[in-house]
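J.: Next up, final.pdb (PDB, C-alpha atoms).
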ATOM      1  CA  ASP R  22       0.238 -15.103  15.974  1.00  0.00           C
ATOM      2  CA  THR R  23       1.171 -15.849  12.357  1.00  0.00           C
ATOM      3  CA  GLY R  24       0.468 -12.404  10.938  1.00  0.00           C
ATOM      4  CA  VAL R  25       2.895  -9.673   9.930  1.00  0.00           C
ATOM      5  CA  SER R  26       4.815  -8.407  12.945  1.00  0.00           C
ATOM      6  CA  GLN R  27       6.396  -4.972  13.256  1.00  0.00           C
ATOM      7  CA  ASN R  28       8.699  -3.657  15.937  1.00  0.00           C
ATOM      8  CA  PRO R  29       8.731  -1.339  17.679  1.00  0.00           C
ATOM      9  CA  ARG R  30       5.097  -0.230  17.708  1.00  0.00           C
ATOM     10  CA  HIS R  31       6.066   3.294  18.709  1.00  0.00           C
ATOM     11  CA  LYS R  32       9.293   5.245  18.429  1.00  0.00           C
ATOM     12  CA  ILE R  33      10.026   8.770  19.605  1.00  0.00           C
ATOM     13  CA  THR R  34      13.347  10.180  18.502  1.00  0.00           C
ATOM     14  CA  LYS R  35      15.118  13.490  18.393  1.00  0.00           C
ATOM     15  CA  ARG R  36      15.715  15.175  15.078  1.00  0.00           C
ATOM     16  CA  GLY R  37      18.994  14.096  13.568  1.00  0.00           C
ATOM     17  CA  GLN R  38      19.021  10.643  15.147  1.00  0.00           C
ATOM     18  CA  ASN R  39      18.928   7.391  13.195  1.00  0.00           C
ATOM     19  CA  VAL R  40      16.116   4.885  13.658  1.00  0.00           C
ATOM     20  CA  THR R  41      15.595   1.322  12.461  1.00  0.00           C
ATOM     21  CA  PHE R  42      12.345  -0.589  12.197  1.00  0.00           C
ATOM     22  CA  ARG R  43      11.877  -4.294  11.767  1.00  0.00           C
ATOM     23  CA  CYS R  44       9.229  -6.267   9.903  1.00  0.00           C
ATOM     24  CA  ASP R  45       8.663 -10.013  10.127  1.00  0.00           C
ATOM     25  CA  PRO R  46       6.354 -11.093   7.290  1.00  0.00           C
ATOM     26  CA  ILE R  47       4.082 -14.120   7.183  1.00  0.00           C
ATOM     27  CA  SER R  48       6.545 -16.993   6.887  1.00  0.00           C
ATOM     28  CA  GLU R  49       5.795 -18.319   3.408  1.00  0.00           C
ATOM     29  CA  HIS R  50       5.347 -14.881   1.818  1.00  0.00           C
ATOM     30  CA  ASN R  51       8.066 -13.951  -0.640  1.00  0.00           C
ATOM     31  CA  ARG R  52       6.898 -10.378  -1.226  1.00  0.00           C
ATOM     32  CA  LEU R  53       7.425  -7.687   1.375  1.00  0.00           C
ATOM     33  CA  TYR R  54       6.311  -4.074   1.074  1.00  0.00           C
ATOM     34  CA  TRP R  55       6.993  -0.916   3.048  1.00  0.00           C
ATOM     35  CA  TYR R  56       4.492   1.935   3.127  1.00  0.00           C
ATOM     36  CA  ARG R  57       4.272   5.234   4.941  1.00  0.00           C
ATOM     37  CA  GLN R  58       1.011   6.728   6.153  1.00  0.00           C
ATOM     38  CA  THR R  59       0.307  10.189   7.507  1.00  0.00           C
ATOM     39  CA  LEU R  60      -2.851  11.247   9.287  1.00  0.00           C
ATOM     40  CA  GLY R  61      -5.904  11.270   7.056  1.00  0.00           C
ATOM     41  CA  GLN R  62      -4.118   9.804   4.060  1.00  0.00           C
ATOM     42  CA  GLY R  63      -3.890   6.402   2.490  1.00  0.00           C
ATOM     43  CA  PRO R  64      -0.664   4.411   2.716  1.00  0.00           C
ATOM     44  CA  GLU R  65       2.036   5.591   0.301  1.00  0.00           C
ATOM     45  CA  PHE R  66       4.284   3.028  -1.320  1.00  0.00           C
ATOM     46  CA  LEU R  67       7.976   3.209  -0.371  1.00  0.00           C
ATOM     47  CA  THR R  68       9.641   0.019  -1.572  1.00  0.00           C
ATOM     48  CA  TYR R  69       9.183  -3.700  -2.013  1.00  0.00           C
ATOM     49  CA  PHE R  70      11.173  -6.916  -2.058  1.00  0.00           C
ATOM     50  CA  GLN R  71      10.788 -10.188  -3.890  1.00  0.00           C
ATOM     51  CA  ASN R  72      12.664 -12.545  -1.578  1.00  0.00           C
ATOM     52  CA  GLU R  73      15.933 -10.703  -0.848  1.00  0.00           C
ATOM     53  CA  ALA R  74      15.878  -8.555  -3.987  1.00  0.00           C
ATOM     54  CA  GLN R  75      14.691  -4.970  -3.673  1.00  0.00           C
ATOM     55  CA  LEU R  76      12.736  -4.518  -6.895  1.00  0.00           C
ATOM     56  CA  GLU R  77      11.414  -0.988  -6.667  1.00  0.00           C
ATOM     57  CA  LYS R  78      11.917   2.165  -4.636  1.00  0.00           C
ATOM     58  CA  SER R  79       9.572   5.120  -4.619  1.00  0.00           C
ATOM     59  CA  ARG R  80      10.794   8.660  -5.149  1.00  0.00           C
ATOM     60  CA  LEU R  81       9.567   9.185  -1.576  1.00  0.00           C
ATOM     61  CA  LEU R  82      12.492   7.061  -0.418  1.00  0.00           C
ATOM     62  CA  SER R  83      15.215   9.671  -0.155  1.00  0.00           C
ATOM     63  CA  ASP R  84      18.864   8.781   0.305  1.00  0.00           C
ATOM     64  CA  ARG R  85      18.337   8.966   4.072  1.00  0.00           C
ATOM     65  CA  PHE R  86      16.137   5.879   3.836  1.00  0.00           C
ATOM     66  CA  SER R  87      17.415   2.374   3.306  1.00  0.00           C
ATOM     67  CA  ALA R  88      15.672  -0.966   3.430  1.00  0.00           C
ATOM     68  CA  GLU R  89      17.106  -4.437   3.502  1.00  0.00           C
ATOM     69  CA  ARG R  90      15.870  -7.996   3.469  1.00  0.00           C
ATOM     70  CA  PRO R  91      19.141  -9.895   3.688  1.00  0.00           C
ATOM     71  CA  LYS R  92      17.878 -13.474   3.862  1.00  0.00           C
ATOM     72  CA  GLY R  93      14.538 -13.029   2.213  1.00  0.00           C
ATOM     73  CA  SER R  94      12.710 -13.243   5.522  1.00  0.00           C
ATOM     74  CA  PHE R  95      12.565 -10.242   7.883  1.00  0.00           C
ATOM     75  CA  SER R  96      13.232  -6.731   6.655  1.00  0.00           C
ATOM     76  CA  THR R  97      14.569  -3.556   8.223  1.00  0.00           C
ATOM     77  CA  LEU R  98      13.881   0.053   7.306  1.00  0.00           C
ATOM     78  CA  GLU R  99      16.440   2.585   8.491  1.00  0.00           C
ATOM     79  CA  ILE R 100      16.039   6.330   8.477  1.00  0.00           C
ATOM     80  CA  GLN R 101      19.201   8.344   8.959  1.00  0.00           C
ATOM     81  CA  ARG R 102      19.315  11.932  10.258  1.00  0.00           C
ATOM     82  CA  THR R 103      15.605  11.967  10.971  1.00  0.00           C
ATOM     83  CA  GLU R 104      13.588  15.091  10.244  1.00  0.00           C
ATOM     84  CA  GLN R 105      10.245  16.186  11.663  1.00  0.00           C
ATOM     85  CA  GLY R 106       8.669  15.474   8.296  1.00  0.00           C
ATOM     86  CA  ASP R 107       9.534  11.802   8.750  1.00  0.00           C
ATOM     87  CA  SER R 108       6.921  11.547  11.505  1.00  0.00           C
ATOM     88  CA  ALA R 109       4.381   9.029  10.243  1.00  0.00           C
ATOM     89  CA  MET R 110       3.137   5.468  10.575  1.00  0.00           C
ATOM     90  CA  TYR R 111       5.436   3.047   8.775  1.00  0.00           C
ATOM     91  CA  LEU R 112       3.584  -0.023   7.572  1.00  0.00           C
ATOM     92  CA  CYS R 113       4.888  -3.342   6.362  1.00  0.00           C
ATOM     93  CA  ALA R 114       2.900  -5.825   4.313  1.00  0.00           C
ATOM     94  CA  SER R 115       3.587  -9.220   2.816  1.00  0.00           C
ATOM     95  CA  SER R 116       2.056 -11.399   0.148  1.00  0.00           C
ATOM     96  CA  LEU R 117       2.577 -14.703  -1.601  1.00  0.00           C
ATOM     97  CA  GLY R 118       3.392 -12.876  -4.807  1.00  0.00           C
ATOM     98  CA  GLU R 119       2.307 -10.349  -7.370  1.00  0.00           C
ATOM     99  CA  GLY R 120      -1.440  -9.930  -7.559  1.00  0.00           C
ATOM    100  CA  ARG R 121      -2.037 -11.778  -4.330  1.00  0.00           C
ATOM    101  CA  GLU R 122      -3.609 -10.597  -1.078  1.00  0.00           C
ATOM    102  CA  ALA R 123      -1.279  -8.327   0.864  1.00  0.00           C
ATOM    103  CA  PHE R 124      -1.556  -8.429   4.650  1.00  0.00           C
ATOM    104  CA  PHE R 125      -0.371  -5.567   6.797  1.00  0.00           C
ATOM    105  CA  GLY R 126       1.262  -5.383  10.174  1.00  0.00           C
ATOM    106  CA  GLN R 127       0.150  -2.992  12.881  1.00  0.00           C
ATOM    107  CA  GLY R 128       2.766  -0.449  11.892  1.00  0.00           C
ATOM    108  CA  THR R 129       5.462   1.520  13.673  1.00  0.00           C
ATOM    109  CA  ARG R 130       4.479   5.039  14.623  1.00  0.00           C
ATOM    110  CA  LEU R 131       7.468   7.360  14.425  1.00  0.00           C
ATOM    111  CA  THR R 132       7.471  10.742  16.113  1.00  0.00           C
ATOM    112  CA  VAL R 133      10.451  13.021  15.494  1.00  0.00           C
ATOM    113  CA  VAL R 134      10.761  15.822  18.050  1.00  0.00           C
TER     114      VAL R 134
ATOM    115  CA  GLY A  14      -0.861  10.691 -13.121  1.00  0.00           C
ATOM    116  CA  GLU A  15      -2.621   7.461 -12.385  1.00  0.00           C
ATOM    117  CA  SER A  16      -4.515   7.506  -9.133  1.00  0.00           C
ATOM    118  CA  VAL A  17      -7.135   5.830  -7.062  1.00  0.00           C
ATOM    119  CA  GLY A  18      -9.645   7.999  -5.262  1.00  0.00           C
ATOM    120  CA  LEU A  19     -12.823   7.875  -3.260  1.00  0.00           C
ATOM    121  CA  HIS A  20     -15.963   9.882  -3.948  1.00  0.00           C
ATOM    122  CA  LEU A  21     -16.972  10.499  -0.328  1.00  0.00           C
ATOM    123  CA  PRO A  22     -14.569  11.252   2.481  1.00  0.00           C
ATOM    124  CA  THR A  23     -17.141  10.507   5.221  1.00  0.00           C
ATOM    125  CA  LEU A  24     -20.203   8.310   5.462  1.00  0.00           C
ATOM    126  CA  SER A  25     -22.590   8.119   8.396  1.00  0.00           C
ATOM    127  CA  VAL A  26     -25.150   5.305   8.589  1.00  0.00           C
ATOM    128  CA  GLN A  27     -27.603   3.926  11.103  1.00  0.00           C
ATOM    129  CA  GLU A  28     -26.864   0.571  12.677  1.00  0.00           C
ATOM    130  CA  GLY A  29     -28.567  -2.155  10.690  1.00  0.00           C
ATOM    131  CA  ASP A  30     -28.622  -0.208   7.431  1.00  0.00           C
ATOM    132  CA  ASN A  31     -26.549  -1.156   4.410  1.00  0.00           C
ATOM    133  CA  SER A  32     -23.458   0.898   3.586  1.00  0.00           C
ATOM    134  CA  ILE A  33     -21.985   1.583   0.181  1.00  0.00           C
ATOM    135  CA  ILE A  34     -18.484   2.960  -0.153  1.00  0.00           C
ATOM    136  CA  ASN A  35     -17.322   4.022  -3.605  1.00  0.00           C
ATOM    137  CA  CYS A  36     -13.959   4.245  -5.288  1.00  0.00           C
ATOM    138  CA  ALA A  37     -12.841   5.527  -8.695  1.00  0.00           C
ATOM    139  CA  TYR A  38      -9.645   4.417 -10.353  1.00  0.00           C
ATOM    140  CA  SER A  39      -7.939   5.809 -13.425  1.00  0.00           C
ATOM    141  CA  ASN A  40      -5.366   3.165 -14.404  1.00  0.00           C
ATOM    142  CA  SER A  41      -7.044   1.075 -17.061  1.00  0.00           C
ATOM    143  CA  ALA A  42      -4.281  -1.517 -16.660  1.00  0.00           C
ATOM    144  CA  SER A  43      -5.290  -2.236 -13.060  1.00  0.00           C
ATOM    145  CA  ASP A  44      -6.390  -5.826 -12.800  1.00  0.00           C
ATOM    146  CA  TYR A  45      -6.638  -6.524  -9.094  1.00  0.00           C
ATOM    147  CA  PHE A  46      -8.369  -4.546  -6.370  1.00  0.00           C
ATOM    148  CA  ILE A  47      -8.497  -4.855  -2.611  1.00  0.00           C
ATOM    149  CA  TRP A  48     -10.653  -3.239   0.044  1.00  0.00           C
ATOM    150  CA  TYR A  49      -9.050  -2.602   3.426  1.00  0.00           C
ATOM    151  CA  LYS A  50     -10.519  -1.549   6.757  1.00  0.00           C
ATOM    152  CA  GLN A  51      -8.370   0.502   9.086  1.00  0.00           C
ATOM    153  CA  GLU A  52      -9.222   1.226  12.695  1.00  0.00           C
ATOM    154  CA  SER A  53      -7.519   4.005  14.574  1.00  0.00           C
ATOM    155  CA  GLY A  54      -3.910   3.194  15.456  1.00  0.00           C
ATOM    156  CA  LYS A  55      -3.922  -0.113  13.596  1.00  0.00           C
ATOM    157  CA  GLY A  56      -2.687  -1.365  10.259  1.00  0.00           C
ATOM    158  CA  PRO A  57      -5.052  -1.897   7.311  1.00  0.00           C
ATOM    159  CA  GLN A  58      -7.038  -5.102   7.554  1.00  0.00           C
ATOM    160  CA  PHE A  59      -7.792  -7.079   4.387  1.00  0.00           C
ATOM    161  CA  ILE A  60     -11.541  -7.315   3.738  1.00  0.00           C
ATOM    162  CA  ILE A  61     -12.093  -8.588   0.226  1.00  0.00           C
ATOM    163  CA  ASP A  62     -10.464  -8.554  -3.190  1.00  0.00           C
ATOM    164  CA  ILE A  63     -11.585  -8.829  -6.789  1.00  0.00           C
ATOM    165  CA  ARG A  64      -9.847  -9.415 -10.087  1.00  0.00           C
ATOM    166  CA  SER A  65     -10.638  -7.628 -13.303  1.00  0.00           C
ATOM    167  CA  ASN A  66     -12.152 -10.731 -14.892  1.00  0.00           C
ATOM    168  CA  MET A  67     -15.000 -10.533 -12.369  1.00  0.00           C
ATOM    169  CA  ASP A  68     -17.637  -7.887 -11.740  1.00  0.00           C
ATOM    170  CA  LYS A  69     -18.894  -9.048  -8.364  1.00  0.00           C
ATOM    171  CA  ARG A  70     -17.567 -10.937  -5.400  1.00  0.00           C
ATOM    172  CA  GLN A  71     -19.246 -11.675  -2.101  1.00  0.00           C
ATOM    173  CA  GLY A  72     -17.872 -12.311   1.336  1.00  0.00           C
ATOM    174  CA  GLN A  73     -19.378 -12.393   4.765  1.00  0.00           C
ATOM    175  CA  ARG A  74     -21.699  -9.339   4.892  1.00  0.00           C
ATOM    176  CA  VAL A  75     -19.583  -7.627   2.238  1.00  0.00           C
ATOM    177  CA  THR A  76     -19.858  -7.433  -1.526  1.00  0.00           C
ATOM    178  CA  VAL A  77     -17.447  -5.785  -3.925  1.00  0.00           C
ATOM    179  CA  LEU A  78     -18.650  -4.618  -7.318  1.00  0.00           C
ATOM    180  CA  LEU A  79     -16.339  -3.733 -10.172  1.00  0.00           C
ATOM    181  CA  ASN A  80     -17.413  -1.729 -13.195  1.00  0.00           C
ATOM    182  CA  LYS A  81     -14.481  -1.621 -15.596  1.00  0.00           C
ATOM    183  CA  THR A  82     -16.386   0.443 -18.145  1.00  0.00           C
ATOM    184  CA  VAL A  83     -16.454   3.465 -15.845  1.00  0.00           C
ATOM    185  CA  LYS A  84     -13.491   2.382 -13.700  1.00  0.00           C
ATOM    186  CA  HIS A  85     -15.528   2.223 -10.541  1.00  0.00           C
ATOM    187  CA  LEU A  86     -15.322  -0.015  -7.504  1.00  0.00           C
ATOM    188  CA  SER A  87     -17.712  -0.224  -4.580  1.00  0.00           C
ATOM    189  CA  LEU A  88     -17.887  -1.984  -1.242  1.00  0.00           C
ATOM    190  CA  GLN A  89     -21.276  -2.869   0.130  1.00  0.00           C
ATOM    191  CA  ILE A  90     -21.622  -3.763   3.798  1.00  0.00           C
ATOM    192  CA  ALA A  91     -24.886  -5.398   4.784  1.00  0.00           C
ATOM    193  CA  ALA A  92     -26.512  -4.770   8.172  1.00  0.00           C
ATOM    194  CA  THR A  93     -23.811  -2.343   9.243  1.00  0.00           C
ATOM    195  CA  GLN A  94     -22.694  -2.720  12.844  1.00  0.00           C
ATOM    196  CA  PRO A  95     -20.894  -0.327  15.221  1.00  0.00           C
ATOM    197  CA  GLY A  96     -17.788  -2.485  14.838  1.00  0.00           C
ATOM    198  CA  ASP A  97     -17.722  -1.579  11.160  1.00  0.00           C
ATOM    199  CA  SER A  98     -16.843   2.007  12.045  1.00  0.00           C
ATOM    200  CA  ALA A  99     -13.410   2.638  10.534  1.00  0.00           C
ATOM    201  CA  VAL A 100     -11.683   4.152   7.525  1.00  0.00           C
ATOM    202  CA  TYR A 101     -12.037   2.096   4.356  1.00  0.00           C
ATOM    203  CA  PHE A 102      -9.476   2.174   1.572  1.00  0.00           C
ATOM    204  CA  CYS A 103      -9.564   0.745  -1.876  1.00  0.00           C
ATOM    205  CA  ALA A 104      -6.256  -0.222  -3.419  1.00  0.00           C
ATOM    206  CA  GLU A 105      -5.349  -1.140  -6.959  1.00  0.00           C
ATOM    207  CA  ASN A 106      -2.653  -3.353  -8.331  1.00  0.00           C
ATOM    208  CA  SER A 107      -1.522  -3.683 -11.909  1.00  0.00           C
ATOM    209  CA  TYR A 108       1.070  -5.916 -13.484  1.00  0.00           C
ATOM    210  CA  ASN A 109       2.568  -2.956 -15.327  1.00  0.00           C
ATOM    211  CA  GLN A 110       3.300  -1.306 -11.981  1.00  0.00           C
ATOM    212  CA  GLY A 111       5.269  -4.179 -10.572  1.00  0.00           C
ATOM    213  CA  GLY A 112       2.512  -5.473  -8.367  1.00  0.00           C
ATOM    214  CA  LYS A 113       2.588  -2.749  -5.756  1.00  0.00           C
ATOM    215  CA  LEU A 114      -0.686  -1.533  -4.277  1.00  0.00           C
ATOM    216  CA  ILE A 115      -1.751   2.060  -4.859  1.00  0.00           C
ATOM    217  CA  PHE A 116      -4.159   3.407  -2.251  1.00  0.00           C
ATOM    218  CA  GLY A 117      -6.824   6.058  -2.372  1.00  0.00           C
ATOM    219  CA  GLN A 118      -7.436   8.612   0.375  1.00  0.00           C
ATOM    220  CA  GLY A 119     -10.055   6.633   2.282  1.00  0.00           C
ATOM    221  CA  THR A 120     -13.655   6.959   3.454  1.00  0.00           C
ATOM    222  CA  GLU A 121     -14.484   7.204   7.120  1.00  0.00           C
ATOM    223  CA  LEU A 122     -17.543   5.141   7.985  1.00  0.00           C
ATOM    224  CA  SER A 123     -19.394   6.112  11.140  1.00  0.00           C
ATOM    225  CA  VAL A 124     -22.162   3.817  12.396  1.00  0.00           C
ATOM    226  CA  LYS A 125     -24.745   5.357  14.684  1.00  0.00           C
ATOM    227  CA  PRO A 126     -26.389   3.002  17.200  1.00  0.00           C
TER     228      PRO A 126
END
Starting from the coordinates I provided, produce the structure as structure tokens.

T.:
Amino acid sequence: DTGVSQNPRHKITKRGQNVTFRCDPISEHNRLYWYRQTLGQGPEFLTYFQNEAQLEKSRLLSDRFSAERPKGSFSTLEIQRTEQGDSAMYLCASSLGEGREAFFGQGTRLTVV
Amino acid sequence: GESVGLHLPTLSVQEGDNSIINCAYSNSASDYFIWYKQESGKGPQFIIDIRSNMDKRQGQRVTVLLNKTVKHLSLQIAATQPGDSAVYFCAENSYNQGGKLIFGQGTELSVKP
């Protein structure tokens, strides 16, 4: 499968714990995006990378959230001290560049109990 | 602020009929648009895209129409099938927003056999 891969698919964690998600983009794609989606809503932009550089972060990305793409390939999204309001689907997408088709992974569903 | 939205939250059609899903956008600088299909528990799936220098683009059973005068986008699905049942999102991209996609709320399409 050469699409965008996200792991894990599901994560249940207790409030206050830290969680980390991984995204492997399509191999030749230099752009990588993170989105968050709650039930009944469209995906909300969190942050994106051009190669290893993080170019923009949404105001939704509080200081408990951090994303990295150290070698310009896979990316990780970490949430520290999780809260119940963090429960959502976290989606990763990649594209060949600005204004190009963005392809999404299947997402990681986070449930904070 | 700038936003992308959909006129109808739900649409129910008979199998074999044509479906039309509408989307309004407000950012006049948007120059690239994508339609996504999202099935329950899955990530958004790319359907078709269109750039602002075009007003129509056709794919397999799908057509996207862009009316820049009234900032309106539509997705037409011909001979709708039960497998088309999903939530459909339009997303906009503009160079003055760094290339990130902004999503609307979505329209749920239900196909009755």

J.: Take the PyMOL selection byres ((chain A) within 7 of (chain R)), run it mentally on this structure, and tell me the resulting residues as a ChimeraX atom specification.

T.: /A:45,55-59,106,112,116-119

J.: Which residues fall under the PyMOL selection byres ((chain A and resi 75-91) around 8) in this file, as a VMD selection string?

T.: chain A and resid 29 to 39 41 48 61 to 63 65 67 to 74 92 to 93

J.: Using the chain letters and numbers from this file, what does the PyMOL selection byres ((chain A and resi 96) around 12) select? Give the answer as a ChimeraX atom specification.

T.: /A:28-29,50-52,90,92-95,97-100,122-126

J.: Write out as number ranges by chain the residues lying within 8 Å of R:Leu98, counting all atoms listed in the file and excluding same-chain residues fewer than 4 positions away.

T.: R: 41-43, 86-89

J.: Between atom CA of R:Ser116 and atom CA of R:Arg80, what is the spacing in Å?

T.: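 Atom-to-atom, atom CA of R:Arg80 to atom CA of R:Ser116, that is 22.5 Å.
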
J.: What is the atom CA of R:His31-atom CA of R:Asp84 distance in Å, reported with one decimal?

T.: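 Between atom CA of R:His31 and atom CA of R:Asp84 the gap is 23.1 Å.
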
J.: Please indicate the distance in Å from atom CA of R:Pro46 to atom CA of R:Thr34, rounded to one decimal place.

T.: 25.0 Å

J.: Could the centre and edge lengths of an axis-aligned box, enclosing all atoms of stretch 63-73 of chain A in the file with 6 Å extra on each side, be given in Å to one decimal as lines of an AutoDock Vina configuration file?

T.:
center_x = -14.6
center_y = -10.0
center_z = -5.1
size_x = 21.5
size_y = 16.8
size_z = 31.7

J.: Which residue, A:Glu121, A:Ser43, A:Leu114, A:Pro22, has the smallest gap to R:Trp55 when you use only C-alpha atoms?

T.: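 Residue with the minimum atom-to-atom distance to R:Trp55: A:Leu114.
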
J.: Could stretch 89-103 of chain R be completed with N, CA, C and O atoms and written as an mmCIF file, keeping the file's coordinate frame, please?

T.:
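Dumped everything to selection_24.cif:
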data_model
loop_
_atom_site.group_PDB
_atom_site.id
_atom_site.type_symbol
_atom_site.label_atom_id
_atom_site.label_comp_id
_atom_site.auth_asym_id
_atom_site.auth_seq_id
_atom_site.Cartn_x
_atom_site.Cartn_y
_atom_site.Cartn_z
ATOM 1 N N GLU R 89 16.401 -3.201 3.813
ATOM 2 C CA GLU R 89 17.106 -4.437 3.502
ATOM 3 C C GLU R 89 16.231 -5.637 3.826
ATOM 4 O O GLU R 89 15.371 -5.569 4.701
ATOM 5 N N ARG R 90 16.508 -6.714 3.160
ATOM 6 C CA ARG R 90 15.870 -7.996 3.469
ATOM 7 C C ARG R 90 16.912 -9.065 3.160
ATOM 8 O O ARG R 90 16.810 -9.788 2.180
ATOM 9 N N PRO R 91 17.926 -9.145 4.010
ATOM 10 C CA PRO R 91 19.141 -9.895 3.688
ATOM 11 C C PRO R 91 18.939 -11.381 3.395
ATOM 12 O O PRO R 91 19.651 -11.936 2.566
ATOM 13 N N LYS R 92 18.047 -12.036 4.065
ATOM 14 C CA LYS R 92 17.878 -13.474 3.862
ATOM 15 C C LYS R 92 16.515 -13.798 3.282
ATOM 16 O O LYS R 92 16.098 -14.962 3.300
ATOM 17 N N GLY R 93 15.843 -12.784 2.793
ATOM 18 C CA GLY R 93 14.538 -13.029 2.213
ATOM 19 C C GLY R 93 13.456 -13.307 3.226
ATOM 20 O O GLY R 93 12.375 -13.774 2.863
ATOM 21 N N SER R 94 13.748 -13.028 4.506
ATOM 22 C CA SER R 94 12.710 -13.243 5.522
ATOM 23 C C SER R 94 12.336 -11.886 6.120
ATOM 24 O O SER R 94 11.581 -11.152 5.506
ATOM 25 N N PHE R 95 12.906 -11.522 7.282
ATOM 26 C CA PHE R 95 12.565 -10.242 7.883
ATOM 27 C C PHE R 95 13.210 -9.109 7.098
ATOM 28 O O PHE R 95 14.160 -9.297 6.326
ATOM 29 N N SER R 96 12.690 -7.922 7.326
ATOM 30 C CA SER R 96 13.232 -6.731 6.655
ATOM 31 C C SER R 96 13.432 -5.629 7.681
ATOM 32 O O SER R 96 12.758 -5.584 8.708
ATOM 33 N N THR R 97 14.365 -4.744 7.398
ATOM 34 C CA THR R 97 14.569 -3.556 8.223
ATOM 35 C C THR R 97 14.476 -2.309 7.356
ATOM 36 O O THR R 97 14.846 -2.326 6.172
ATOM 37 N N LEU R 98 13.950 -1.260 7.945
ATOM 38 C CA LEU R 98 13.881 0.053 7.306
ATOM 39 C C LEU R 98 14.616 1.020 8.221
ATOM 40 O O LEU R 98 14.262 1.165 9.385
ATOM 41 N N GLU R 99 15.664 1.646 7.706
ATOM 42 C CA GLU R 99 16.440 2.585 8.491
ATOM 43 C C GLU R 99 16.253 3.986 7.945
ATOM 44 O O GLU R 99 16.259 4.196 6.728
ATOM 45 N N ILE R 100 16.092 4.926 8.844
ATOM 46 C CA ILE R 100 16.039 6.330 8.477
ATOM 47 C C ILE R 100 17.208 7.022 9.174
ATOM 48 O O ILE R 100 17.319 6.977 10.403
ATOM 49 N N GLN R 101 18.050 7.626 8.398
ATOM 50 C CA GLN R 101 19.201 8.344 8.959
ATOM 51 C C GLN R 101 18.875 9.837 9.058
ATOM 52 O O GLN R 101 18.114 10.379 8.258
ATOM 53 N N ARG R 102 19.459 10.466 10.075
ATOM 54 C CA ARG R 102 19.315 11.932 10.258
ATOM 55 C C ARG R 102 17.844 12.321 10.156
ATOM 56 O O ARG R 102 17.443 13.121 9.303
ATOM 57 N N THR R 103 17.051 11.759 11.039
ATOM 58 C CA THR R 103 15.605 11.967 10.971
ATOM 59 C C THR R 103 15.232 13.444 11.001
ATOM 60 O O THR R 103 15.890 14.276 11.633
#
